[in-house]
Every structure is written in structure tokens, then in C-alpha cells.
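Here's the structure we're looking at; comments come further down.
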Amino acid sequence: MRISKQLLLTACVIAVGAMALAGKAKQAKSEGMMASGADWAINTTIIEACSCPMFCQCYFNPSPAAHDHGNGHGGGHFCRFNNAFKVNKGHLGKTSLDGAKFWVAGDLGGDFSQGQMDWAVVTFDEATSPAQRDAIGQILAHLYPVQWNSLTTSVGKMEWKAGKDKAHASLDGGKTAEVRLARFQGMTDQPVVIHNLKYWGAPRNDGFVLMPNVVEAYRVGDKPFEFKGTNGFMITLDMSSKDVQSMPAHAH
């Protein structure tokens, strides 16, 4: 999932940390640790999948692909996604994020040209501390600088495993959510990678490693979904507070 570069430069940053859970996103932006000058950095790998055909057109257009999946999904435009994160190395102030895992699931909706998305749920691995959850929420506000019609959080038991040929992540043993990817066969046995394509607000990434999903599902709440054989990839991105500080003022 991604929005266009132009949208990234005009969208408003909405915090998704602990204050956002209480419906105080604006307060979080003005009073949170980011605003107080805490320095942060994150290098993280994502196992990502969505309902769009391979490769997700949301990375090139202001709206998702038209869908006619059947099986209760209906038609129309939407991008229902699961993004499973594992932090390789990171921190906010003195809070280490090394090894932390978290999950973002949701739907971009039918038209995100104005930076307004439909819904998202951020689920923190049960092993993360309250300080880590708050830090992750604040950093996510810069990675995904958009507004959501509905934004909530949860806590669950997360498993995450990735390799050259396969990747698998789950929440609560798959009862809550699951993503399973398999490498797309290229001309050789090396991964097929798209380079020089921007991922949301991250200024750096090592390329989109194409791995269509075997399944991507979010199985709880009032908007469950499950898709098979649609878009999937892995990506490692890197960003920090210095990147955000160097952005033009109107980008916020």
C-alpha cells in the first residue's frame, strides 16, 4: 500500500500512538515525544499483502484497483491489507525498538487522493512494552502520513518468519490475522525486485521483493476479509527523525 509522492507532500501527519487511541491525535502531534525533540530512527522489514492484483496499483495511482472477487467481498475499489513489521534496529529517545514486532491491517478505501483512508488497526506484539508501543505509534505517523476514518489499536501474539523463498506472519496463531507469501519465479532463482519506487513516507528502501500471497486475511472485528493469490511483497525500509526534520514545512 502506498500513496503518490504528491499526496505524501500534502497529507497531514496524524499520530497513531497511545494518545490516538483515546481520540487525541491532534494532541499527540503537539504534545508527544516527537514534538519535544526526541530523536528516533528505525530500520524495519515488512511482510506485506493486499487485495489488489499483483503488483498493487496503489503505488502508482490515487485509487485501488476495481475488485470483483466474489465470496462476499463484493465489487468496487478497495485495498484491504495486512502489513507485518519486524524492527531490525530502532529507537525513540532511550527506548530501544530492536526486534519489536507489530501489525497494521485495514482498508485504504476507494479514493485516497486527498489523504483520507478508510480504516486501520495497529496491533502490537504482546512482548512489546508500553514505551515501545508509544514509540512505534509515533513513528508510524511519519511512515503513513494520512488521516483514517477509523483508527484503533490492539495487542496480540505475533509470529514473523521470512526467507528468500517464503515468508509467513500471523497474529494469535492465525485466528486474528495471517499473511503467507511465496517467491515469484524470475529468470533465475534470485528474488524479483522493484527498485527506485517510493514506499509511503520512507526516504529509503532496499526494493520491493515480489512475493504473491498464498493467503492474506484479517479474521476479527466487523470487517473481516481473506484473499488468496493477490499482491504481496517484502521490503526493508529505513528512516529517522533527521529525515523528517529535513522535509519542507508544508509536508506536515
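Note on naming: chains are A, B, ... as they come in the C-alpha cells, residues start from 1 per chain, ligands start from 1 in the order shown.
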
Range 45-226 of chain A: residues DSSP assigns to helix (DSSP H, G or I), reported as a list of chain:residue names: A:Gln57, A:Cys58, A:Tyr59, A:Pro130, A:Ala131, A:Gln132, A:Arg133, A:Asp134, A:Ala135, A:Ile136, A:Gly137, A:Gln138, A:Ile139, A:Leu140, A:Ala141, A:His142, A:Leu143, A:Asp172, A:Gly173, A:Gly174

As a ChimeraX atom specification, please: the residues near Lys175 in chain A (cut-off 8 Å, only C-alpha atoms, same-chain neighbours under 4 positions excluded). /A:171,219-220

Taking only range 41-245 of chain A into account, list the residues labelled strand (DSSP E or B) by DSSP (computed from the backbone), as a compact mmCIF listing (two decimals) with N, CA and C atoms, in the first residue's frame.
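Resulting contents of part.txt:
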# COMPACT_ATOMS: atom_id res chain seq x y z
N ALA A 41 14.96 6.63 15.13
CA ALA A 41 15.37 6.00 13.88
C ALA A 41 14.80 4.59 13.85
N ILE A 42 14.54 4.10 12.64
CA ILE A 42 14.01 2.75 12.53
C ILE A 42 14.46 2.12 11.21
N ASN A 43 14.88 0.88 11.28
CA ASN A 43 15.13 0.04 10.11
C ASN A 43 14.26 -1.19 10.32
N THR A 44 13.33 -1.41 9.44
CA THR A 44 12.34 -2.47 9.66
C THR A 44 12.03 -3.21 8.37
N THR A 45 11.70 -4.47 8.50
CA THR A 45 11.30 -5.29 7.35
C THR A 45 9.81 -5.60 7.47
N ILE A 46 9.10 -5.49 6.34
CA ILE A 46 7.65 -5.70 6.33
C ILE A 46 7.31 -6.89 5.43
N ILE A 47 6.50 -7.78 5.94
CA ILE A 47 5.82 -8.79 5.13
C ILE A 47 4.45 -8.20 4.81
N GLU A 48 4.22 -7.85 3.57
CA GLU A 48 3.03 -7.07 3.21
C GLU A 48 2.21 -7.76 2.13
N ALA A 49 0.89 -7.65 2.24
CA ALA A 49 -0.01 -8.20 1.23
C ALA A 49 -1.28 -7.40 1.21
N CYS A 50 -1.96 -7.42 0.07
CA CYS A 50 -3.24 -6.70 -0.02
C CYS A 50 -4.13 -7.38 -1.04
N ALA A 66 -10.13 -1.94 -9.26
CA ALA A 66 -11.52 -2.37 -9.15
C ALA A 66 -11.52 -3.86 -8.83
N HIS A 67 -12.40 -4.28 -7.93
CA HIS A 67 -12.43 -5.66 -7.49
C HIS A 67 -13.78 -6.30 -7.80
N ASP A 68 -13.71 -7.56 -8.13
CA ASP A 68 -14.92 -8.37 -8.28
C ASP A 68 -14.57 -9.78 -7.84
N GLY A 75 -17.90 -5.92 -5.19
CA GLY A 75 -17.07 -5.24 -6.16
C GLY A 75 -16.64 -3.89 -5.64
N GLY A 76 -16.26 -3.00 -6.57
CA GLY A 76 -15.84 -1.67 -6.18
C GLY A 76 -14.34 -1.57 -6.03
N HIS A 77 -13.90 -0.40 -5.57
CA HIS A 77 -12.47 -0.13 -5.39
C HIS A 77 -12.14 -0.17 -3.90
N ARG A 80 -7.52 -3.81 0.80
CA ARG A 80 -7.56 -4.38 2.14
C ARG A 80 -6.23 -5.10 2.38
N PHE A 81 -5.54 -4.66 3.39
CA PHE A 81 -4.13 -5.01 3.53
C PHE A 81 -3.77 -5.55 4.91
N ASN A 82 -2.66 -6.26 4.94
CA ASN A 82 -2.00 -6.70 6.17
C ASN A 82 -0.52 -6.41 6.03
N ASN A 83 0.03 -5.63 6.95
CA ASN A 83 1.45 -5.31 6.96
C ASN A 83 2.05 -5.79 8.28
N ALA A 84 2.91 -6.78 8.21
CA ALA A 84 3.52 -7.36 9.41
C ALA A 84 4.97 -6.87 9.52
N PHE A 85 5.28 -6.12 10.57
CA PHE A 85 6.58 -5.49 10.75
C PHE A 85 7.44 -6.25 11.76
N LYS A 86 8.73 -6.28 11.47
CA LYS A 86 9.73 -6.67 12.47
C LYS A 86 10.86 -5.65 12.40
N VAL A 87 11.14 -5.00 13.52
CA VAL A 87 12.17 -3.96 13.56
C VAL A 87 13.54 -4.62 13.65
N ASN A 88 14.39 -4.30 12.69
CA ASN A 88 15.75 -4.82 12.72
C ASN A 88 16.59 -4.04 13.74
N LYS A 89 16.43 -2.74 13.70
CA LYS A 89 17.12 -1.87 14.64
C LYS A 89 16.37 -0.54 14.71
N GLY A 90 16.15 -0.05 15.93
CA GLY A 90 15.45 1.22 16.04
C GLY A 90 15.39 1.73 17.47
N HIS A 91 15.03 3.00 17.60
CA HIS A 91 14.87 3.60 18.92
C HIS A 91 14.06 4.88 18.81
N LEU A 92 13.49 5.29 19.92
CA LEU A 92 12.95 6.63 20.09
C LEU A 92 13.46 7.11 21.44
N THR A 95 14.35 4.60 24.31
CA THR A 95 13.56 3.38 24.15
C THR A 95 14.04 2.59 22.94
N SER A 96 14.59 1.40 23.18
CA SER A 96 15.05 0.55 22.08
C SER A 96 13.86 -0.17 21.44
N LYS A 101 7.94 -6.31 17.18
CA LYS A 101 7.04 -6.69 16.10
C LYS A 101 5.68 -5.99 16.28
N PHE A 102 5.08 -5.62 15.16
CA PHE A 102 3.74 -5.04 15.19
C PHE A 102 3.08 -5.21 13.83
N TRP A 103 1.79 -4.97 13.78
CA TRP A 103 0.98 -5.31 12.61
C TRP A 103 0.04 -4.15 12.31
N VAL A 104 -0.10 -3.82 11.03
CA VAL A 104 -1.09 -2.83 10.61
C VAL A 104 -1.99 -3.48 9.56
N ALA A 105 -3.29 -3.54 9.85
CA ALA A 105 -4.27 -4.10 8.92
C ALA A 105 -5.34 -3.06 8.67
N GLY A 106 -5.97 -3.12 7.50
CA GLY A 106 -7.03 -2.16 7.24
C GLY A 106 -7.43 -2.12 5.79
N ASP A 107 -8.01 -0.98 5.39
CA ASP A 107 -8.51 -0.77 4.03
C ASP A 107 -8.27 0.69 3.65
N GLN A 116 -7.21 10.72 2.73
CA GLN A 116 -8.19 10.18 3.68
C GLN A 116 -8.37 8.70 3.40
N MET A 117 -7.98 7.86 4.36
CA MET A 117 -8.10 6.41 4.21
C MET A 117 -9.31 5.92 5.00
N ASP A 118 -9.71 4.67 4.76
CA ASP A 118 -10.91 4.15 5.40
C ASP A 118 -10.65 3.77 6.86
N TRP A 119 -9.98 2.63 7.10
CA TRP A 119 -9.79 2.20 8.49
C TRP A 119 -8.48 1.44 8.64
N ALA A 120 -8.00 1.40 9.87
CA ALA A 120 -6.79 0.64 10.17
C ALA A 120 -6.80 0.22 11.63
N VAL A 121 -6.18 -0.93 11.88
CA VAL A 121 -5.97 -1.43 13.24
C VAL A 121 -4.47 -1.70 13.39
N VAL A 122 -3.86 -1.08 14.39
CA VAL A 122 -2.46 -1.33 14.71
C VAL A 122 -2.42 -2.31 15.87
N THR A 123 -1.81 -3.47 15.66
CA THR A 123 -1.72 -4.49 16.71
C THR A 123 -0.26 -4.65 17.12
N PHE A 124 0.00 -4.47 18.41
CA PHE A 124 1.35 -4.60 18.94
C PHE A 124 1.54 -6.03 19.46
N ASP A 125 2.69 -6.59 19.18
CA ASP A 125 3.02 -7.89 19.74
C ASP A 125 2.99 -7.80 21.26
N GLN A 147 -4.77 10.53 7.11
CA GLN A 147 -5.87 10.50 8.06
C GLN A 147 -6.70 9.24 7.83
N TRP A 148 -7.27 8.71 8.91
CA TRP A 148 -8.08 7.50 8.84
C TRP A 148 -9.49 7.79 9.36
N ASN A 149 -10.50 7.25 8.67
CA ASN A 149 -11.86 7.38 9.18
C ASN A 149 -12.01 6.67 10.52
N SER A 150 -11.29 5.56 10.67
CA SER A 150 -11.29 4.80 11.92
C SER A 150 -9.89 4.27 12.16
N LEU A 151 -9.35 4.51 13.36
CA LEU A 151 -8.02 4.05 13.72
C LEU A 151 -8.04 3.54 15.15
N THR A 152 -7.75 2.26 15.33
CA THR A 152 -7.76 1.65 16.66
C THR A 152 -6.48 0.83 16.84
N THR A 153 -6.24 0.37 18.06
CA THR A 153 -5.09 -0.49 18.31
C THR A 153 -5.52 -1.71 19.12
N SER A 154 -4.62 -2.68 19.13
CA SER A 154 -4.87 -3.91 19.85
C SER A 154 -3.53 -4.51 20.25
N VAL A 155 -3.58 -5.59 21.00
CA VAL A 155 -2.39 -6.33 21.41
C VAL A 155 -2.64 -7.80 21.12
N GLY A 156 -1.64 -8.48 20.57
CA GLY A 156 -1.80 -9.90 20.27
C GLY A 156 -0.46 -10.61 20.24
N MET A 158 2.24 -12.30 18.19
CA MET A 158 2.64 -12.22 16.78
C MET A 158 3.81 -13.13 16.48
N GLU A 159 3.72 -13.82 15.35
CA GLU A 159 4.81 -14.64 14.84
C GLU A 159 5.23 -14.09 13.48
N TRP A 160 6.53 -14.12 13.21
CA TRP A 160 7.07 -13.49 11.99
C TRP A 160 8.29 -14.27 11.54
N LYS A 161 8.27 -14.76 10.29
CA LYS A 161 9.40 -15.52 9.77
C LYS A 161 9.53 -15.24 8.29
N ALA A 162 10.73 -14.89 7.86
CA ALA A 162 10.94 -14.55 6.45
C ALA A 162 12.20 -15.19 5.92
N LYS A 166 10.12 -17.88 0.96
CA LYS A 166 8.81 -17.83 1.62
C LYS A 166 8.84 -16.85 2.78
N ALA A 167 7.66 -16.38 3.13
CA ALA A 167 7.52 -15.52 4.30
C ALA A 167 6.16 -15.79 4.92
N HIS A 168 6.12 -15.76 6.25
CA HIS A 168 4.86 -16.03 6.94
C HIS A 168 4.80 -15.23 8.23
N ALA A 169 3.65 -14.61 8.46
CA ALA A 169 3.41 -13.89 9.70
C ALA A 169 1.99 -14.15 10.14
N SER A 170 1.77 -14.16 11.46
CA SER A 170 0.43 -14.41 11.97
C SER A 170 0.20 -13.69 13.28
N LEU A 171 -1.06 -13.44 13.57
CA LEU A 171 -1.48 -12.91 14.86
C LEU A 171 -2.34 -13.95 15.54
N ALA A 177 -5.14 -12.77 12.34
CA ALA A 177 -4.67 -12.36 11.02
C ALA A 177 -3.55 -13.26 10.56
N GLU A 178 -3.35 -13.28 9.23
CA GLU A 178 -2.30 -14.13 8.67
C GLU A 178 -1.87 -13.59 7.31
N VAL A 179 -0.58 -13.67 7.04
CA VAL A 179 -0.03 -13.39 5.71
C VAL A 179 0.97 -14.48 5.39
N ARG A 180 0.81 -15.09 4.23
CA ARG A 180 1.76 -16.11 3.78
C ARG A 180 2.14 -15.78 2.33
N LEU A 181 3.44 -15.59 2.08
CA LEU A 181 3.92 -15.22 0.76
C LEU A 181 4.83 -16.31 0.18
N ALA A 182 4.88 -16.38 -1.15
CA ALA A 182 5.78 -17.30 -1.83
C ALA A 182 6.48 -16.55 -2.96
N VAL A 193 12.91 -8.08 -7.87
CA VAL A 193 12.88 -6.88 -7.03
C VAL A 193 12.60 -5.63 -7.86
N ILE A 194 11.68 -4.80 -7.37
CA ILE A 194 11.43 -3.48 -7.96
C ILE A 194 12.22 -2.45 -7.15
N TYR A 199 8.19 4.04 -0.95
CA TYR A 199 7.24 3.41 -0.04
C TYR A 199 6.77 4.46 0.95
N ALA A 202 8.75 6.77 3.76
CA ALA A 202 10.14 6.35 3.98
C ALA A 202 11.05 6.88 2.88
N ARG A 204 14.08 5.84 2.21
CA ARG A 204 14.98 4.79 1.73
C ARG A 204 14.34 3.41 1.87
N ASN A 205 14.56 2.58 0.86
CA ASN A 205 14.19 1.16 0.98
C ASN A 205 15.10 0.35 0.07
N PHE A 208 11.27 -3.61 -3.49
CA PHE A 208 10.09 -4.43 -3.27
C PHE A 208 10.37 -5.83 -3.80
N VAL A 209 10.50 -6.79 -2.90
CA VAL A 209 10.77 -8.18 -3.27
C VAL A 209 9.43 -8.85 -3.56
N LEU A 210 9.15 -9.15 -4.83
CA LEU A 210 7.83 -9.61 -5.23
C LEU A 210 7.57 -11.04 -4.78
N ASN A 213 0.83 -13.40 -2.50
CA ASN A 213 0.39 -14.09 -1.30
C ASN A 213 -0.29 -15.42 -1.60
N VAL A 214 -0.07 -16.36 -0.71
CA VAL A 214 -0.84 -17.61 -0.70
C VAL A 214 -2.15 -17.33 0.00
N VAL A 215 -2.08 -16.49 1.03
CA VAL A 215 -3.27 -16.02 1.73
C VAL A 215 -2.91 -14.73 2.47
N GLU A 216 -3.87 -13.82 2.53
CA GLU A 216 -3.76 -12.64 3.39
C GLU A 216 -5.13 -12.41 3.97
N ALA A 217 -5.21 -12.43 5.29
CA ALA A 217 -6.52 -12.42 5.95
C ALA A 217 -6.49 -11.63 7.25
N TYR A 218 -7.61 -10.96 7.51
CA TYR A 218 -7.87 -10.34 8.81
C TYR A 218 -9.21 -10.89 9.26
N PHE A 225 -11.75 -10.06 6.30
CA PHE A 225 -11.54 -10.33 4.87
C PHE A 225 -10.49 -11.41 4.72
N GLU A 226 -10.49 -12.05 3.56
CA GLU A 226 -9.48 -13.04 3.22
C GLU A 226 -9.34 -13.10 1.71
N PHE A 227 -8.10 -13.05 1.24
CA PHE A 227 -7.81 -13.11 -0.19
C PHE A 227 -6.67 -14.10 -0.42
N GLY A 232 1.56 -9.26 -3.00
CA GLY A 232 2.38 -9.48 -1.83
C GLY A 232 3.83 -9.14 -2.13
N PHE A 233 4.54 -8.69 -1.11
CA PHE A 233 5.97 -8.40 -1.26
C PHE A 233 6.59 -8.27 0.12
N MET A 234 7.93 -8.25 0.13
CA MET A 234 8.69 -7.91 1.33
C MET A 234 9.51 -6.68 1.02
N ILE A 235 9.73 -5.87 2.05
CA ILE A 235 10.52 -4.66 1.85
C ILE A 235 11.20 -4.29 3.17
N THR A 236 12.42 -3.80 3.08
CA THR A 236 13.13 -3.27 4.25
C THR A 236 13.33 -1.78 4.03
N LEU A 237 12.87 -0.98 4.97
CA LEU A 237 12.96 0.46 4.84
C LEU A 237 13.73 1.05 6.02
N ASP A 238 14.16 2.28 5.81
CA ASP A 238 14.96 2.96 6.81
C ASP A 238 14.57 4.43 6.84
N MET A 239 14.33 4.98 8.05
CA MET A 239 14.01 6.40 8.18
C MET A 239 14.33 6.86 9.60
N SER A 240 14.43 8.18 9.78
CA SER A 240 14.78 8.72 11.09
C SER A 240 14.19 10.10 11.27

Need to verify the contact set: Phe78 in chain A, 6 Å, only C-alpha atoms, exclusion of same-chain residues closer than 2 positions in sequence. Can you return it as a PyMOL selection string? chain A and resi 64+109-110

Take CA of Lys164 in chain A and CA of Gln185 in chain A and report the distance between them in Å, one decimal.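 Computing the Euclidean distance for CA of Lys164 in chain A and CA of Gln185 in chain A yields 11.4 Å.
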
Between CA of Asp98 in chain A and CA of Ala131 in chain A, what is the distance, to one decimal in Å?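 One can read the CA of Asp98 in chain A to CA of Ala131 in chain A distance as 12.9 Å.
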
For Ser63 in chain A, find every residue with an atom within 7 Å (counting only C-alpha atoms), except residues of its own chain fewer than 6 positions away, and show them as a list in words.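 Result of the neighbour search: Gly110, Asp111, Phe112 and Ser113 of chain A.
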
Select, from A:Ser51, A:Ser241, A:Leu97, A:Tyr59, the residue with the minimum atom-to-atom distance to Ala135 in chain A, counting only C-alpha atoms.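 The answer is A:Leu97, which sits nearest to Ala135 in chain A.
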
Given the choices A:Leu140, A:Pro130, A:Thr176, A:Met187, which gets closest to Pro224 in chain A if the distance is worked out from only C-alpha atoms?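 Counting only C-alpha atoms, the residue closest to Pro224 in chain A is A:Thr176.
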